[in-house]
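Enquirer: Would you mind keeping the following structure in view while I ask a few things?
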Amino acid sequence: MHWDLARLSDECDAQLRAIRAQRVAPAIARGDVARELERRYPFDGPHGIGEVAADVIALLERGNLHTAHPRYFGLFNPGVRFSSVVADLISASINPQIGAWFHSPAGVEIEEHTLRFLLRAFGFDPRTSAAHFTSGGSEANLTATLAAFGSVYPETRRQGVRGLDRQPVLLVSSEAHHAFFKIARHMGLGDEAVRTVPADGRFRMRVDALREAVERDKPFMVVATAGTTAGGAIDPLEEVAGVCAEHGIWLHVDAAWGGAAILSPRLKQHLKGIEHADSITCDAHKWLGVAMGAGMFFTRRPEALAAFEIDASYVPRGDELDLYRSSLQWSRRFIGLKLFLALAELGADGIAKQLDHQAAMADLLRDGLRNEGWEIVNDSPFPLVCFRREGVDVAELVRRIVAGGDHWISHAVLGGGIGVARACITNHETAEEDVASLLRALRGEKVNGQSGGDADRNPAEE
Ligand SMILES: *Cc1c(COP(=O)(O)O)cnc(C)c1O
């Protein structure tokens with residue numbers, strides 16, 4: 001090794017620590033980086049890796065929306081704990097192959113241990129349930145859909161969808177994540193396989209409408225969302241589970257972001273009913289503060305993972321923990337180490353404290369916004385706040401805040417037509433001063449000596 005890993009690690013750590021002083025969103029034009037790369041890296045000869053790494057860090061400092069910034073009120077991408085950096089360093093150095101038990105008994109069992117802890121938290125019996133890490137929520141949702149589909153239509157394993165005499169249907173709420181449309185295309189089912197159940201005034205799946213849809217469409221799966229992406233709504237899990245149980249339908253709970261709340265004794269009440277799910281998606285790389293990508297798939301129906309069963313003569317036949325035979329991936333990186341290290345470092349209490357802190361910061365933001373005449377449009381117990389005010393063009397407001405460089409919020413549409421500004425407390429280091437700073441910027445006041453209103457600052461020139 002020609003370059004000091006400790007130095008790189010120090011540099012990454014320093015980068016994380018210094019982030020508060022930096023601009024949140026990049027002010028960079030399309031093509032800027034490409035031109036620089038063309039000029040400096042024609043790949044015509046070797047460079048010292050230390051020099052290249054420093055270069056890449058500098059490029060990312062300026063050309064990246066800093067999700068690890070405490071004033072990134074963003075899209076579920078968390079502030080990253082240093083334990084994730086350590087985990088990725090370890091897993092890249094040792095490069096364990098997690099796809100087969102014999103290849104990395106220690107790696108596989110570190111993941112299994114971590115997942116058993118979460119299975120218990122979700123109310124699943126670890127002895128009769130199964131779980132594995134995924135690249136993210138999309139893969140976990142695809143895994144659930146394939147498992148449900150395969151268990152309802154076993155004939156498709158040989159014949160694919162042409163073996164069916166009817167259009168298979170899965171039901172999601174109108175506020176669900178769009179991954180399910182991609183999944184339906186991916187599986188050869190098409191967008192029409194995804195039918196949306198209307199949501200109520202709190203953006204939660206309407207159970208009366210679900211009942212009607214179940215009777216009409218005879219779905220192979222119902223997806224309830226626990227923490228919708230735009231508004232943090234939680235579908236009524238108990239009631240949805242009741243409908244699914246009555247009709248024997250696979251219930252998948254997409255808790256990609258909100259599922260983390262299961263680790264907070266205070267917040268987990270909002271996930272009541274999740275224990276009835278046949279499968280759950282939860283991303284560690286969202287609210288649990290772990291670096292991307294670290295999704296998780298949990299199921300109480302491990303027999304349905306037969307959808308992935310395969311016999312490959314070139315892999316030594318091993319153990320029931322051979323994940324290449326029960327999941328989508330084959331070569332599999334050591335995804336779970338990041339979550340293992342976070343849990344080991346902080347303990348479940350430490351994680352819970354952090355989740356509660358983020359919820360408290362969102363409460364503070366809600367109160368502040370209400371005091372200043374904003375309408376809070378969503379009704380989520382989780383740290384996601386959607387707001388608007390009569391006479392304010394929220395899309396324009398969001399553009400102004402983002403261009404100001406000191407905060408990042410987004411624009412979202414709830415209920416198919418309500419435009420809102422959206423601020424999520426994604427970072428465990430977001431503090432009262434950051435919430436106050438966002439409120440000041442929304443008022444159009446100067447923040448940190450810069451205008452909250454103008455895009456006149458270009459850090460590339462600094
Ligand atoms: C983020 C999200 C997904 C997709 O997960 P990725 O990790 O981005 O693939 C799916 N469902 C919900 C509710 C999400 O918030």
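By convention in this document, the chains of the structure tokens carry letters A, B, ... by their order, each chain's residues are numbered from 1, and ligands are numbered from 1 in the order they are shown.
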When the cut-off is 8 Å and you count only C-alpha atoms and all ligand atoms, which residues lie near ligand 1, shown as a tab-separated table (two decimals) with N, CA, C and O atoms, in the first residue's frame?
Expert:
chain	number	residue	atom	x	y	z
A	76	PHE	N	-34.30	12.17	2.99
A	76	PHE	CA	-34.00	10.92	3.73
A	76	PHE	C	-32.54	10.47	3.65
A	76	PHE	O	-32.21	9.35	4.03
A	135	SER	N	-29.31	-3.51	-1.44
A	135	SER	CA	-28.66	-2.26	-1.84
A	135	SER	C	-29.46	-1.06	-1.33
A	135	SER	O	-28.92	-0.02	-1.06
A	136	GLY	N	-30.77	-1.24	-1.21
A	136	GLY	CA	-31.62	-0.14	-0.72
A	136	GLY	C	-33.06	-0.58	-0.65
A	136	GLY	O	-33.37	-1.78	-0.76
A	137	GLY	N	-33.95	0.39	-0.50
A	137	GLY	CA	-35.37	0.10	-0.37
A	137	GLY	C	-35.97	-0.45	-1.65
A	137	GLY	O	-36.89	-1.28	-1.61
A	138	SER	N	-35.46	0.01	-2.78
A	138	SER	CA	-36.01	-0.48	-4.04
A	138	SER	C	-35.78	-1.98	-4.18
A	138	SER	O	-36.70	-2.71	-4.55
A	139	GLU	N	-34.57	-2.42	-3.88
A	139	GLU	CA	-34.29	-3.85	-3.98
A	139	GLU	C	-35.10	-4.64	-2.95
A	139	GLU	O	-35.59	-5.73	-3.23
A	140	ALA	N	-35.26	-4.08	-1.74
A	140	ALA	CA	-36.04	-4.78	-0.72
A	140	ALA	C	-37.50	-4.89	-1.16
A	140	ALA	O	-38.14	-5.93	-0.98
A	141	ASN	N	-38.02	-3.81	-1.75
A	141	ASN	CA	-39.40	-3.86	-2.24
A	141	ASN	C	-39.55	-4.84	-3.41
A	141	ASN	O	-40.56	-5.54	-3.52
A	176	ALA	N	-47.76	6.20	-2.19
A	176	ALA	CA	-46.65	5.23	-2.06
A	176	ALA	C	-45.46	5.64	-2.92
A	176	ALA	O	-45.57	6.48	-3.82
A	177	HIS	N	-44.34	5.02	-2.67
A	177	HIS	CA	-43.12	5.29	-3.43
A	177	HIS	C	-43.25	4.76	-4.86
A	177	HIS	O	-43.85	3.70	-5.08
A	178	HIS	N	-42.65	5.49	-5.80
A	178	HIS	CA	-42.80	5.12	-7.20
A	178	HIS	C	-41.97	3.91	-7.60
A	178	HIS	O	-42.07	3.43	-8.73
A	179	ALA	N	-41.15	3.41	-6.67
A	179	ALA	CA	-40.36	2.21	-6.96
A	179	ALA	C	-41.27	1.08	-7.45
A	179	ALA	O	-40.85	0.25	-8.26
A	225	THR	N	-47.57	1.79	3.37
A	225	THR	CA	-46.34	2.58	3.57
A	225	THR	C	-46.33	3.13	4.98
A	225	THR	O	-47.33	3.69	5.44
A	226	ALA	N	-45.22	2.95	5.66
A	226	ALA	CA	-45.08	3.51	7.01
A	226	ALA	C	-44.04	4.62	6.93
A	226	ALA	O	-42.84	4.40	7.08
A	227	GLY	N	-44.53	5.81	6.64
A	227	GLY	CA	-43.64	6.95	6.43
A	227	GLY	C	-43.49	7.22	4.94
A	227	GLY	O	-42.49	6.84	4.34
A	228	THR	N	-44.51	7.88	4.35
A	228	THR	CA	-44.44	8.13	2.90
A	228	THR	C	-43.32	9.14	2.61
A	228	THR	O	-42.96	9.95	3.46
A	229	THR	N	-42.83	9.05	1.39
A	229	THR	CA	-41.65	9.81	1.03
A	229	THR	C	-41.94	11.32	1.00
A	229	THR	O	-41.15	12.12	1.50
A	254	ASP	N	-43.82	-1.03	3.45
A	254	ASP	CA	-42.66	-0.28	2.98
A	254	ASP	C	-42.36	0.80	4.03
A	254	ASP	O	-42.99	1.85	4.06
A	255	ALA	N	-41.41	0.47	4.90
A	255	ALA	CA	-41.02	1.38	5.98
A	255	ALA	C	-39.58	1.82	5.74
A	255	ALA	O	-38.76	1.87	6.66
A	256	ALA	N	-39.29	2.11	4.47
A	256	ALA	CA	-37.90	2.39	4.07
A	256	ALA	C	-37.28	3.45	4.97
A	256	ALA	O	-36.18	3.28	5.48
A	257	TRP	N	-38.02	4.52	5.19
A	257	TRP	CA	-37.51	5.58	6.08
A	257	TRP	C	-38.07	5.40	7.50
A	257	TRP	O	-37.32	5.32	8.48
A	258	GLY	N	-39.40	5.29	7.61
A	258	GLY	CA	-40.05	5.33	8.92
A	258	GLY	C	-39.78	4.12	9.81
A	258	GLY	O	-39.93	4.20	11.03
A	281	THR	N	-39.76	-3.57	4.43
A	281	THR	CA	-38.56	-2.90	3.92
A	281	THR	C	-38.15	-1.84	4.93
A	281	THR	O	-38.99	-1.07	5.40
A	283	ASP	N	-34.67	0.87	5.43
A	283	ASP	CA	-33.33	1.27	4.99
A	283	ASP	C	-32.52	1.80	6.16
A	283	ASP	O	-32.92	2.79	6.79
A	285	HIS	N	-29.81	3.22	5.60
A	285	HIS	CA	-29.16	4.43	5.06
A	285	HIS	C	-30.10	5.64	5.01
A	285	HIS	O	-29.80	6.64	4.36
A	286	LYS	N	-31.23	5.53	5.67
A	286	LYS	CA	-32.11	6.69	5.74
A	286	LYS	C	-32.08	7.25	7.16
A	286	LYS	O	-31.19	7.98	7.51
A	293	GLY	N	-25.12	2.17	0.41
A	293	GLY	CA	-26.51	1.76	0.44
A	293	GLY	C	-26.63	0.61	1.43
A	293	GLY	O	-25.86	-0.34	1.41
A	294	ALA	N	-27.63	0.74	2.24
A	294	ALA	CA	-27.85	-0.27	3.26
A	294	ALA	C	-29.35	-0.45	3.51
A	294	ALA	O	-29.90	0.07	4.46
A	295	GLY	N	-29.97	-1.17	2.59
A	295	GLY	CA	-31.39	-1.52	2.76
A	295	GLY	C	-31.51	-2.84	3.50
A	295	GLY	O	-30.53	-3.57	3.68
Enquirer: Wanna dump the region 220-271 of chain A-region 424-429 of chain A contacts at 10 Å for me, each residue with its shortest atom pair and the distance in Å to one decimal, counting only C-alpha atoms, ordered by chain and number, as CSV?
Expert:
residue,atom,partner,partner_atom,distance
A:Ala230,CA,A:Cys424,CA,9.7
A:Gly231,CA,A:Cys424,CA,9.3
A:Gly232,CA,A:Cys424,CA,9.2
A:Trp257,CA,A:Thr426,CA,9.9
Enquirer: Restricted to all heavy atoms, what would the selected residues look like written as a PDB file, in the first residue's frame?
Expert:
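Contents of the output file selection_39.pdb:
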ATOM      1  N   ALA A 230     -43.084  11.700   0.457  1.00  0.00           N
ATOM      2  CA  ALA A 230     -43.365  13.126   0.362  1.00  0.00           C
ATOM      3  C   ALA A 230     -43.805  13.709   1.703  1.00  0.00           C
ATOM      4  O   ALA A 230     -43.374  14.791   2.077  1.00  0.00           O
ATOM      5  CB  ALA A 230     -44.428  13.381  -0.700  1.00  0.00           C
ATOM      6  N   GLY A 231     -44.674  12.971   2.444  1.00  0.00           N
ATOM      7  CA  GLY A 231     -45.277  13.594   3.625  1.00  0.00           C
ATOM      8  C   GLY A 231     -45.146  12.834   4.937  1.00  0.00           C
ATOM      9  O   GLY A 231     -45.682  13.274   5.951  1.00  0.00           O
ATOM     10  N   GLY A 232     -44.439  11.701   4.934  1.00  0.00           N
ATOM     11  CA  GLY A 232     -44.243  10.967   6.193  1.00  0.00           C
ATOM     12  C   GLY A 232     -45.517  10.348   6.756  1.00  0.00           C
ATOM     13  O   GLY A 232     -45.577  10.045   7.954  1.00  0.00           O
ATOM     14  N   TRP A 257     -38.024   4.519   5.194  1.00  0.00           N
ATOM     15  CA  TRP A 257     -37.513   5.575   6.085  1.00  0.00           C
ATOM     16  C   TRP A 257     -38.067   5.397   7.505  1.00  0.00           C
ATOM     17  O   TRP A 257     -37.323   5.321   8.484  1.00  0.00           O
ATOM     18  CB  TRP A 257     -37.905   6.944   5.529  1.00  0.00           C
ATOM     19  CG  TRP A 257     -37.614   8.096   6.437  1.00  0.00           C
ATOM     20  CD1 TRP A 257     -36.384   8.512   6.858  1.00  0.00           C
ATOM     21  CD2 TRP A 257     -38.567   8.988   7.031  1.00  0.00           C
ATOM     22  NE1 TRP A 257     -36.512   9.618   7.679  1.00  0.00           N
ATOM     23  CE2 TRP A 257     -37.850   9.928   7.802  1.00  0.00           C
ATOM     24  CE3 TRP A 257     -39.959   9.084   6.978  1.00  0.00           C
ATOM     25  CZ2 TRP A 257     -38.471  10.952   8.522  1.00  0.00           C
ATOM     26  CZ3 TRP A 257     -40.583  10.101   7.686  1.00  0.00           C
ATOM     27  CH2 TRP A 257     -39.832  11.019   8.451  1.00  0.00           C
TER      28      TRP A 257
END
Enquirer: From the options A:Ala87, A:Val223, A:Ala241, A:Val80, which residue's atoms come nearest to Thr67 (chain A), counting only C-alpha atoms?
Expert: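 For Thr67 (chain A), the nearest of the candidates is A:Val80.
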Enquirer: Kindly indicate which residue among A:Asp217, A:Asp88, A:Glu345, A:Glu303 lies nearest to Leu170 (chain A), using only C-alpha atoms for the distances.
Expert: A:Asp217
Enquirer: Would you pick out the contacts of region 90-100 of chain A at 12 Å or less, using only C-alpha atoms, so that residues sharing its chain but fewer than 6 positions from it are not included, and give the list as a PyMOL selection string?
Expert: chain A and resi 1+5+9+83-84+106-112+132-134+312+315-338+341
Enquirer: So that I can check the surroundings of region 371-379 of chain A, please list as a ChimeraX atom specification every protein, DNA and RNA residue that reaches within 12 Å of it, counting only C-alpha atoms and ignoring chain neighbours fewer than 4 positions away.
Expert: /A:200-204,227-235,362-367,383-392,394,412-415,418-424,439-440,442-443
